[in-house]
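**Student:** Data file work_20.pdb (PDB, C-alpha atoms, pLDDT in the B column) is appended below.
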ATOM      1  CA  MET A   1       4.678 125.119 -60.909  1.00 76.00           C
ATOM      2  CA  THR A   2       4.842 127.468 -63.880  1.00 90.00           C
ATOM      3  CA  PHE A   3       2.863 130.667 -63.573  1.00 94.00           C
ATOM      4  CA  ASP A   4       0.929 129.957 -66.778  1.00 92.00           C
ATOM      5  CA  SER A   5      -0.295 126.622 -65.423  1.00 89.00           C
ATOM      6  CA  PHE A   6      -1.123 128.313 -62.125  1.00 90.00           C
ATOM      7  CA  LEU A   7      -3.234 130.959 -63.892  1.00 90.00           C
ATOM      8  CA  HIS A   8      -5.267 128.228 -65.563  1.00 88.00           C
ATOM      9  CA  LYS A   9      -6.308 127.077 -62.076  1.00 88.00           C
ATOM     10  CA  ILE A  10      -7.563 130.459 -60.862  1.00 88.00           C
ATOM     11  CA  GLU A  11     -11.240 129.500 -61.151  1.00 87.00           C
ATOM     12  CA  GLN A  12     -10.647 126.364 -59.071  1.00 86.00           C
ATOM     13  CA  ILE A  13      -8.803 128.467 -56.498  1.00 87.00           C
ATOM     14  CA  LYS A  14     -11.649 131.010 -56.372  1.00 86.00           C
ATOM     15  CA  GLY A  15     -14.089 128.198 -55.764  1.00 79.00           C
ATOM     16  CA  ALA A  16     -11.958 126.473 -53.142  1.00 80.00           C
ATOM     17  CA  LYS A  17     -13.133 126.723 -49.570  1.00 79.00           C
ATOM     18  CA  PRO A  18     -10.350 127.947 -47.243  1.00 78.00           C
ATOM     19  CA  VAL A  19      -9.575 125.203 -44.758  1.00 89.00           C
ATOM     20  CA  GLY A  20      -9.266 127.534 -41.785  1.00 89.00           C
ATOM     21  CA  ILE A  21      -8.585 126.115 -38.347  1.00 89.00           C
ATOM     22  CA  ASP A  22      -7.708 122.656 -39.660  1.00 91.00           C
ATOM     23  CA  ALA A  23      -4.734 124.209 -41.475  1.00 94.00           C
ATOM     24  CA  HIS A  24      -3.885 126.584 -38.622  1.00 93.00           C
ATOM     25  CA  ARG A  25      -3.588 123.620 -36.239  1.00 92.00           C
ATOM     26  CA  LEU A  26      -0.756 122.179 -38.335  1.00 94.00           C
ATOM     27  CA  MET A  27       1.500 125.115 -37.475  1.00 93.00           C
ATOM     28  CA  ILE A  28       0.474 126.160 -33.990  1.00 87.00           C
ATOM     29  CA  PRO A  29       2.406 125.454 -30.760  1.00 78.00           C
ATOM     30  CA  ILE A  30       0.510 123.236 -28.340  1.00 75.00           C
ATOM     31  CA  GLU A  31       0.274 126.041 -25.771  1.00 71.00           C
ATOM     32  CA  ARG A  32      -1.648 128.233 -28.184  1.00 74.00           C
ATOM     33  CA  ILE A  33      -4.247 125.734 -29.418  1.00 75.00           C
ATOM     34  CA  PRO A  34      -6.987 127.054 -27.049  1.00 72.00           C
ATOM     35  CA  TYR A  35      -6.826 130.424 -28.830  1.00 68.00           C
ATOM     36  CA  LEU A  36      -8.048 128.757 -32.032  1.00 73.00           C
ATOM     37  CA  TYR A  37     -11.481 128.208 -30.555  1.00 70.00           C
ATOM     38  CA  ALA A  38     -11.826 130.912 -27.901  1.00 68.00           C
ATOM     39  CA  GLU A  39     -13.894 134.006 -28.660  1.00 77.00           C
ATOM     40  CA  ASP A  40     -13.172 135.847 -25.412  1.00 79.00           C
ATOM     41  CA  PHE A  41     -10.366 137.791 -27.116  1.00 82.00           C
ATOM     42  CA  ARG A  42     -13.066 140.157 -28.440  1.00 81.00           C
ATOM     43  CA  ALA A  43     -13.336 141.573 -24.925  1.00 84.00           C
ATOM     44  CA  TYR A  44      -9.833 143.020 -25.425  1.00 83.00           C
ATOM     45  CA  ASN A  45     -11.038 145.121 -28.395  1.00 90.00           C
ATOM     46  CA  PRO A  46      -8.408 143.746 -30.794  1.00 90.00           C
ATOM     47  CA  LYS A  47      -7.057 146.030 -33.502  1.00 94.00           C
ATOM     48  CA  GLU A  48      -8.351 145.142 -36.960  1.00 97.00           C
ATOM     49  CA  SER A  49      -5.639 144.539 -39.526  1.00 97.00           C
ATOM     50  CA  ALA A  50      -5.068 142.827 -42.872  1.00 98.00           C
ATOM     51  CA  VAL A  51      -2.235 141.188 -44.789  1.00 98.00           C
ATOM     52  CA  MET A  52      -1.642 140.341 -48.433  1.00 98.00           C
ATOM     53  CA  MET A  53      -0.667 136.826 -49.477  1.00 98.00           C
ATOM     54  CA  LEU A  54       0.618 137.813 -52.913  1.00 98.00           C
ATOM     55  CA  LEU A  55       1.445 135.281 -55.654  1.00 98.00           C
ATOM     56  CA  TYR A  56       3.274 136.452 -58.759  1.00 98.00           C
ATOM     57  CA  PRO A  57       5.507 135.266 -61.628  1.00 98.00           C
ATOM     58  CA  LYS A  58       9.288 135.365 -61.721  1.00 96.00           C
ATOM     59  CA  GLY A  59      10.693 133.837 -64.874  1.00 95.00           C
ATOM     60  CA  GLN A  60       8.414 130.882 -65.519  1.00 94.00           C
ATOM     61  CA  GLU A  61       7.732 130.068 -61.876  1.00 97.00           C
ATOM     62  CA  THR A  62       5.147 131.151 -59.287  1.00 97.00           C
ATOM     63  CA  TYR A  63       6.304 132.818 -56.066  1.00 98.00           C
ATOM     64  CA  VAL A  64       4.784 133.843 -52.735  1.00 98.00           C
ATOM     65  CA  LEU A  65       5.862 137.197 -51.277  1.00 98.00           C
ATOM     66  CA  LEU A  66       7.071 137.420 -47.691  1.00 98.00           C
ATOM     67  CA  ILE A  67       9.040 140.103 -45.883  1.00 98.00           C
ATOM     68  CA  GLU A  68      11.499 140.152 -43.015  1.00 97.00           C
ATOM     69  CA  ARG A  69      10.396 142.992 -40.794  1.00 94.00           C
ATOM     70  CA  ALA A  70      12.915 145.598 -39.705  1.00 91.00           C
ATOM     71  CA  THR A  71      14.103 145.709 -36.107  1.00 83.00           C
ATOM     72  CA  TYR A  72      11.954 147.954 -33.932  1.00 70.00           C
ATOM     73  CA  LYS A  73      10.488 148.128 -30.439  1.00 64.00           C
ATOM     74  CA  GLY A  74       7.650 145.692 -30.857  1.00 55.00           C
ATOM     75  CA  VAL A  75       6.677 142.048 -30.462  1.00 55.00           C
ATOM     76  CA  HIS A  76       7.042 141.267 -34.182  1.00 50.00           C
ATOM     77  CA  SER A  77      10.427 142.925 -34.620  1.00 65.00           C
ATOM     78  CA  GLY A  78      12.633 141.062 -37.095  1.00 78.00           C
ATOM     79  CA  GLN A  79      10.045 138.378 -37.805  1.00 90.00           C
ATOM     80  CA  VAL A  80       8.980 137.071 -41.207  1.00 96.00           C
ATOM     81  CA  GLY A  81       5.485 138.018 -42.297  1.00 97.00           C
ATOM     82  CA  PHE A  82       3.238 139.087 -45.130  1.00 98.00           C
ATOM     83  CA  PRO A  83       2.959 142.736 -46.143  1.00 98.00           C
ATOM     84  CA  GLY A  84       0.165 144.260 -44.110  1.00 97.00           C
ATOM     85  CA  GLY A  85      -0.791 146.266 -41.083  1.00 96.00           C
ATOM     86  CA  LYS A  86      -3.424 148.039 -39.057  1.00 96.00           C
ATOM     87  CA  TYR A  87      -6.760 149.219 -40.456  1.00 98.00           C
ATOM     88  CA  GLU A  88      -6.887 153.008 -40.804  1.00 97.00           C
ATOM     89  CA  LEU A  89     -10.036 155.120 -40.752  1.00 96.00           C
ATOM     90  CA  ASP A  90      -9.387 156.281 -44.317  1.00 96.00           C
ATOM     91  CA  ASP A  91      -9.423 152.670 -45.600  1.00 98.00           C
ATOM     92  CA  ARG A  92     -12.606 151.628 -47.404  1.00 97.00           C
ATOM     93  CA  ASP A  93     -12.402 148.209 -45.783  1.00 98.00           C
ATOM     94  CA  LEU A  94      -9.846 145.600 -44.723  1.00 98.00           C
ATOM     95  CA  GLN A  95      -9.153 144.680 -48.337  1.00 98.00           C
ATOM     96  CA  GLN A  96      -8.087 148.276 -48.894  1.00 98.00           C
ATOM     97  CA  THR A  97      -5.897 148.009 -45.797  1.00 98.00           C
ATOM     98  CA  ALA A  98      -4.053 145.036 -47.276  1.00 98.00           C
ATOM     99  CA  LEU A  99      -3.604 146.799 -50.628  1.00 98.00           C
ATOM    100  CA  ARG A 100      -2.457 150.073 -49.052  1.00 98.00           C
ATOM    101  CA  GLU A 101       0.023 148.386 -46.742  1.00 98.00           C
ATOM    102  CA  THR A 102       1.433 146.334 -49.607  1.00 98.00           C
ATOM    103  CA  GLN A 103       2.128 149.502 -51.563  1.00 98.00           C
ATOM    104  CA  GLU A 104       3.616 151.272 -48.544  1.00 98.00           C
ATOM    105  CA  GLU A 105       5.844 148.388 -47.506  1.00 98.00           C
ATOM    106  CA  VAL A 106       7.038 146.912 -50.811  1.00 98.00           C
ATOM    107  CA  GLY A 107       5.969 149.403 -53.485  1.00 98.00           C
ATOM    108  CA  ILE A 108       3.396 147.292 -55.369  1.00 98.00           C
ATOM    109  CA  ILE A 109       0.431 149.420 -56.411  1.00 98.00           C
ATOM    110  CA  GLU A 110      -3.212 148.406 -56.053  1.00 97.00           C
ATOM    111  CA  GLN A 111      -3.761 148.288 -59.819  1.00 97.00           C
ATOM    112  CA  ASP A 112      -1.206 145.481 -60.161  1.00 98.00           C
ATOM    113  CA  ILE A 113      -2.980 143.180 -57.698  1.00 98.00           C
ATOM    114  CA  GLN A 114      -6.092 141.098 -58.329  1.00 97.00           C
ATOM    115  CA  ILE A 115      -7.772 140.042 -55.095  1.00 97.00           C
ATOM    116  CA  ILE A 116      -8.888 136.406 -55.352  1.00 95.00           C
ATOM    117  CA  GLN A 117     -10.523 135.880 -51.974  1.00 93.00           C
ATOM    118  CA  PRO A 118     -10.196 136.440 -48.225  1.00 95.00           C
ATOM    119  CA  PHE A 119      -8.929 133.673 -45.989  1.00 95.00           C
ATOM    120  CA  THR A 120      -9.676 132.864 -42.349  1.00 94.00           C
ATOM    121  CA  LYS A 121      -9.127 135.653 -39.820  1.00 94.00           C
ATOM    122  CA  ILE A 122      -6.700 134.940 -37.023  1.00 92.00           C
ATOM    123  CA  TYR A 123      -6.186 136.506 -33.591  1.00 90.00           C
ATOM    124  CA  ILE A 124      -2.628 137.315 -32.510  1.00 88.00           C
ATOM    125  CA  PRO A 125      -2.498 137.537 -28.679  1.00 84.00           C
ATOM    126  CA  PRO A 126       0.937 139.207 -28.169  1.00 81.00           C
ATOM    127  CA  SER A 127       0.021 142.269 -30.250  1.00 86.00           C
ATOM    128  CA  ASN A 128      -3.787 142.060 -29.836  1.00 91.00           C
ATOM    129  CA  PHE A 129      -4.344 142.124 -33.610  1.00 93.00           C
ATOM    130  CA  TYR A 130      -7.235 140.415 -35.398  1.00 94.00           C
ATOM    131  CA  VAL A 131      -5.864 139.807 -38.884  1.00 97.00           C
ATOM    132  CA  GLN A 132      -7.709 139.294 -42.159  1.00 98.00           C
ATOM    133  CA  PRO A 133      -5.522 137.638 -44.841  1.00 97.00           C
ATOM    134  CA  TYR A 134      -6.266 138.151 -48.544  1.00 97.00           C
ATOM    135  CA  LEU A 135      -5.015 136.087 -51.453  1.00 97.00           C
ATOM    136  CA  GLY A 136      -3.881 138.348 -54.269  1.00 97.00           C
ATOM    137  CA  ILE A 137      -2.287 137.690 -57.653  1.00 97.00           C
ATOM    138  CA  ALA A 138      -0.055 139.895 -59.810  1.00 98.00           C
ATOM    139  CA  GLN A 139       0.127 138.794 -63.430  1.00 95.00           C
ATOM    140  CA  LYS A 140       3.511 140.314 -64.264  1.00 96.00           C
ATOM    141  CA  GLU A 141       6.989 140.276 -62.759  1.00 96.00           C
ATOM    142  CA  LEU A 142       7.289 142.755 -59.921  1.00 97.00           C
ATOM    143  CA  LEU A 143       9.864 145.355 -58.968  1.00 97.00           C
ATOM    144  CA  PHE A 144       9.850 145.642 -55.197  1.00 98.00           C
ATOM    145  CA  ILE A 145      10.668 148.937 -53.518  1.00 98.00           C
ATOM    146  CA  PRO A 146      10.864 148.047 -49.826  1.00 97.00           C
ATOM    147  CA  ASP A 147      10.375 150.694 -47.173  1.00 97.00           C
ATOM    148  CA  ALA A 148      13.680 150.613 -45.283  1.00 93.00           C
ATOM    149  CA  PHE A 149      11.970 151.689 -42.059  1.00 93.00           C
ATOM    150  CA  GLU A 150       9.607 148.680 -42.085  1.00 93.00           C
ATOM    151  CA  VAL A 151      11.234 146.001 -44.252  1.00 96.00           C
ATOM    152  CA  ALA A 152      14.678 144.483 -43.778  1.00 96.00           C
ATOM    153  CA  ASN A 153      14.478 141.967 -46.636  1.00 97.00           C
ATOM    154  CA  ILE A 154      12.190 140.740 -49.392  1.00 98.00           C
ATOM    155  CA  ILE A 155      11.681 136.954 -49.296  1.00 98.00           C
ATOM    156  CA  GLU A 156      10.525 135.247 -52.484  1.00 98.00           C
ATOM    157  CA  LEU A 157       9.224 131.758 -51.692  1.00 98.00           C
ATOM    158  CA  PRO A 158       8.705 129.473 -54.724  1.00 97.00           C
ATOM    159  CA  LEU A 159       5.229 127.982 -54.693  1.00 96.00           C
ATOM    160  CA  HIS A 160       6.542 124.503 -55.502  1.00 95.00           C
ATOM    161  CA  VAL A 161       8.732 124.706 -52.376  1.00 97.00           C
ATOM    162  CA  LEU A 162       5.813 125.789 -50.196  1.00 97.00           C
ATOM    163  CA  LEU A 163       3.806 122.773 -51.373  1.00 96.00           C
ATOM    164  CA  GLN A 164       6.503 120.339 -50.219  1.00 95.00           C
ATOM    165  CA  ASP A 165       6.211 118.668 -46.811  1.00 94.00           C
ATOM    166  CA  GLN A 166       9.966 118.948 -46.233  1.00 96.00           C
ATOM    167  CA  ILE A 167       9.754 122.707 -45.726  1.00 97.00           C
ATOM    168  CA  VAL A 168       8.103 122.183 -42.314  1.00 97.00           C
ATOM    169  CA  LYS A 169      10.384 121.543 -39.333  1.00 96.00           C
ATOM    170  CA  GLU A 170      10.058 121.644 -35.561  1.00 93.00           C
ATOM    171  CA  VAL A 171      12.259 124.302 -33.979  1.00 92.00           C
ATOM    172  CA  GLU A 172      12.861 125.617 -30.492  1.00 86.00           C
ATOM    173  CA  MET A 173      11.751 129.226 -30.036  1.00 78.00           C
ATOM    174  CA  LYS A 174      11.399 131.759 -27.255  1.00 71.00           C
ATOM    175  CA  THR A 175       7.798 132.968 -27.355  1.00 61.00           C
ATOM    176  CA  SER A 176       5.489 135.348 -25.505  1.00 56.00           C
ATOM    177  CA  TYR A 177       3.734 132.443 -23.752  1.00 57.00           C
ATOM    178  CA  ALA A 178       6.668 130.129 -22.991  1.00 56.00           C
ATOM    179  CA  ALA A 179      10.320 130.868 -22.292  1.00 63.00           C
ATOM    180  CA  TRP A 180      11.374 128.148 -24.720  1.00 71.00           C
ATOM    181  CA  THR A 181       9.104 125.773 -26.565  1.00 77.00           C
ATOM    182  CA  HIS A 182       9.102 123.615 -29.655  1.00 84.00           C
ATOM    183  CA  VAL A 183       7.053 125.077 -32.494  1.00 89.00           C
ATOM    184  CA  PRO A 184       6.363 123.961 -36.081  1.00 94.00           C
ATOM    185  CA  ALA A 185       7.840 126.337 -38.646  1.00 96.00           C
ATOM    186  CA  PHE A 186       8.474 126.716 -42.346  1.00 98.00           C
ATOM    187  CA  ILE A 187      12.227 126.862 -42.979  1.00 97.00           C
ATOM    188  CA  TYR A 188      13.378 128.517 -46.200  1.00 97.00           C
ATOM    189  CA  ASN A 189      16.802 130.006 -47.045  1.00 95.00           C
ATOM    190  CA  ASN A 190      17.694 130.199 -43.344  1.00 92.00           C
ATOM    191  CA  TYR A 191      14.472 132.075 -42.553  1.00 96.00           C
ATOM    192  CA  THR A 192      12.223 130.655 -39.840  1.00 95.00           C
ATOM    193  CA  ILE A 193       8.553 131.351 -40.508  1.00 96.00           C
ATOM    194  CA  TRP A 194       6.450 130.595 -37.449  1.00 93.00           C
ATOM    195  CA  GLY A 195       3.519 131.813 -35.381  1.00 90.00           C
ATOM    196  CA  ALA A 196       0.566 133.544 -37.025  1.00 92.00           C
ATOM    197  CA  THR A 197       2.359 133.913 -40.360  1.00 96.00           C
ATOM    198  CA  ALA A 198       3.026 130.165 -40.471  1.00 96.00           C
ATOM    199  CA  MET A 199      -0.616 129.485 -39.649  1.00 95.00           C
ATOM    200  CA  MET A 200      -1.817 131.722 -42.483  1.00 97.00           C
ATOM    201  CA  LEU A 201       0.781 130.254 -44.832  1.00 97.00           C
ATOM    202  CA  SER A 202      -0.432 126.782 -43.861  1.00 97.00           C
ATOM    203  CA  GLU A 203      -3.988 127.668 -44.838  1.00 96.00           C
ATOM    204  CA  LEU A 204      -2.736 129.018 -48.151  1.00 96.00           C
ATOM    205  CA  LYS A 205      -0.747 125.837 -48.722  1.00 95.00           C
ATOM    206  CA  GLU A 206      -3.553 123.440 -47.873  1.00 94.00           C
ATOM    207  CA  THR A 207      -6.163 125.415 -49.840  1.00 93.00           C
ATOM    208  CA  LEU A 208      -3.951 125.520 -52.930  1.00 92.00           C
ATOM    209  CA  LYS A 209      -3.167 121.823 -52.624  1.00 90.00           C
ATOM    210  CA  ASN A 210      -6.881 121.053 -52.596  1.00 87.00           C
ATOM    211  CA  ALA A 211      -7.577 123.367 -55.516  1.00 85.00           C
ATOM    212  CA  LEU A 212      -4.592 122.426 -57.646  1.00 80.00           C
ATOM    213  CA  LYS A 213      -4.626 118.722 -56.771  1.00 73.00           C
ATOM    214  CA  THR A 214      -0.883 119.023 -56.127  1.00 48.00           C
ATOM    215  CA  TYR A 215       0.585 116.845 -53.413  1.00 42.00           C
ATOM    216  CA  THR A 216       4.333 117.192 -53.931  1.00 44.00           C
TER     217      THR A 216
END
Is it possible to give me this structure as structure tokens?
**Tutor:**
Amino acid sequence: MTFDSFLHKIEQIKGAKPVGIDAHRLMIPIERIPYLYAEDFRAYNPKESAVMMLLYPKGQETYVLLIERATYKGVHSGQVGFPGGKYELDDRDLQQTALRETQEEVGIIEQDIQIIQPFTKIYIPPSNFYVQPYLGIAQKELLFIPDAFEVANIIELPLHVLLQDQIVKEVEMKTSYAAWTHVPAFIYNNYTIWGATAMMLSELKETLKNALKTYT
């Protein structure tokens, strides 16, 4: 999908209702389905955080920004995700968290991002994070400046590829709740996108499909 044609659909996207749990279910391992409906995680005082689902032009096409996280001592080491992180006391709100983290991790300043809308929050048990995703749009080509301490690689996912069914595969993964289990994942350029990121990406995909009337 060209970026110009995508921009003409912004009002439909703004008016589209995020599909939430219905989309999350498409990309969640069976063992984790109970977490979709449980509210008892609030007793663990989860850390508030936010991520940016950023769409932007490159040439004539529309892309979604993802990052491969650097290797570190943590449960999400080396995984693919969206730019984002923990809410800080200096942040105005979670939207500011997503904007700040995007600038810190990949060098895109707040003024270059238009926030379209928030999506459905999701709880991540292994790290005890409660994550608020935001859909943002940049209207010009971007020069990424990744933070080497946090980001191993920039991943640019074409929107037309995301909207295809073929990008979803079932893979065997070692997870925090099962030694080895089969999980649904997005596979792109040898990257495996699974877990909470896949669930958020699924909601983005299904919401955009509904708004754009694109079923490729």
**Student:** Taking all atoms listed in the file into account, name the residue in A:Pro126, A:Pro184, A:Gly107, A:Pro57 that is nearest to Ala148 (chain A).
**Tutor:**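 Result for the nearest residue to Ala148 (chain A): A:Gly107.
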**Student:** Around the point (2.5, 153.6, -43.8) in the file's coordinates, collect all residues with an atom within 12 Å, using all atoms listed in the file, and return them as an mmCIF file with C-alpha atoms, in the frame of the given file.
**Tutor:**
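And here is the file that came out, point-v3.cif:
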data_model
loop_
_atom_site.group_PDB
_atom_site.id
_atom_site.type_symbol
_atom_site.label_atom_id
_atom_site.label_comp_id
_atom_site.auth_asym_id
_atom_site.auth_seq_id
_atom_site.Cartn_x
_atom_site.Cartn_y
_atom_site.Cartn_z
ATOM 1 C CA PRO A 83 2.959 142.736 -46.143
ATOM 2 C CA GLY A 84 0.165 144.260 -44.110
ATOM 3 C CA GLY A 85 -0.791 146.266 -41.083
ATOM 4 C CA LYS A 86 -3.424 148.039 -39.057
ATOM 5 C CA TYR A 87 -6.760 149.219 -40.456
ATOM 6 C CA GLU A 88 -6.887 153.008 -40.804
ATOM 7 C CA THR A 97 -5.897 148.009 -45.797
ATOM 8 C CA ALA A 98 -4.053 145.036 -47.276
ATOM 9 C CA LEU A 99 -3.604 146.799 -50.628
ATOM 10 C CA ARG A 100 -2.457 150.073 -49.052
ATOM 11 C CA GLU A 101 0.023 148.386 -46.742
ATOM 12 C CA THR A 102 1.433 146.334 -49.607
ATOM 13 C CA GLN A 103 2.128 149.502 -51.563
ATOM 14 C CA GLU A 104 3.616 151.272 -48.544
ATOM 15 C CA GLU A 105 5.844 148.388 -47.506
ATOM 16 C CA VAL A 106 7.038 146.912 -50.811
ATOM 17 C CA GLY A 107 5.969 149.403 -53.485
ATOM 18 C CA PRO A 146 10.864 148.047 -49.826
ATOM 19 C CA ASP A 147 10.375 150.694 -47.173
ATOM 20 C CA ALA A 148 13.680 150.613 -45.283
ATOM 21 C CA PHE A 149 11.970 151.689 -42.059
ATOM 22 C CA GLU A 150 9.607 148.680 -42.085
ATOM 23 C CA VAL A 151 11.234 146.001 -44.252
#
**Student:** Looking at all atoms listed in the file, which of A:Asp4, A:Glu61, A:Glu31, A:Glu68 is the one that sits closest to Val161 (chain A)?
**Tutor:**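 Closest candidate: A:Glu61.
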**Student:** Which protein, DNA or RNA residues have an atom at most 10 Å from (-4.9, 123.2, -56.4), counting only C-alpha atoms? List them as a ChimeraX atom specification.
**Tutor:** /A:6,9-10,12-13,16,205-215
**Student:** I need the output of the PyMOL selection byres ((chain A and resi 194) around 9) for this file as a PyMOL selection string; which residues are they?
**Tutor:** chain A and resi 27-28+79-81+183-187+192-193+195-199
**Student:** Within 9 Å of Arg25 (chain A), counting all atoms listed in the file, which residues qualify if same-chain residues fewer than 5 places away don't, as JSON, numbers by chain?
**Tutor:** {"A": [20, 30, 33, 36, 199, 202]}
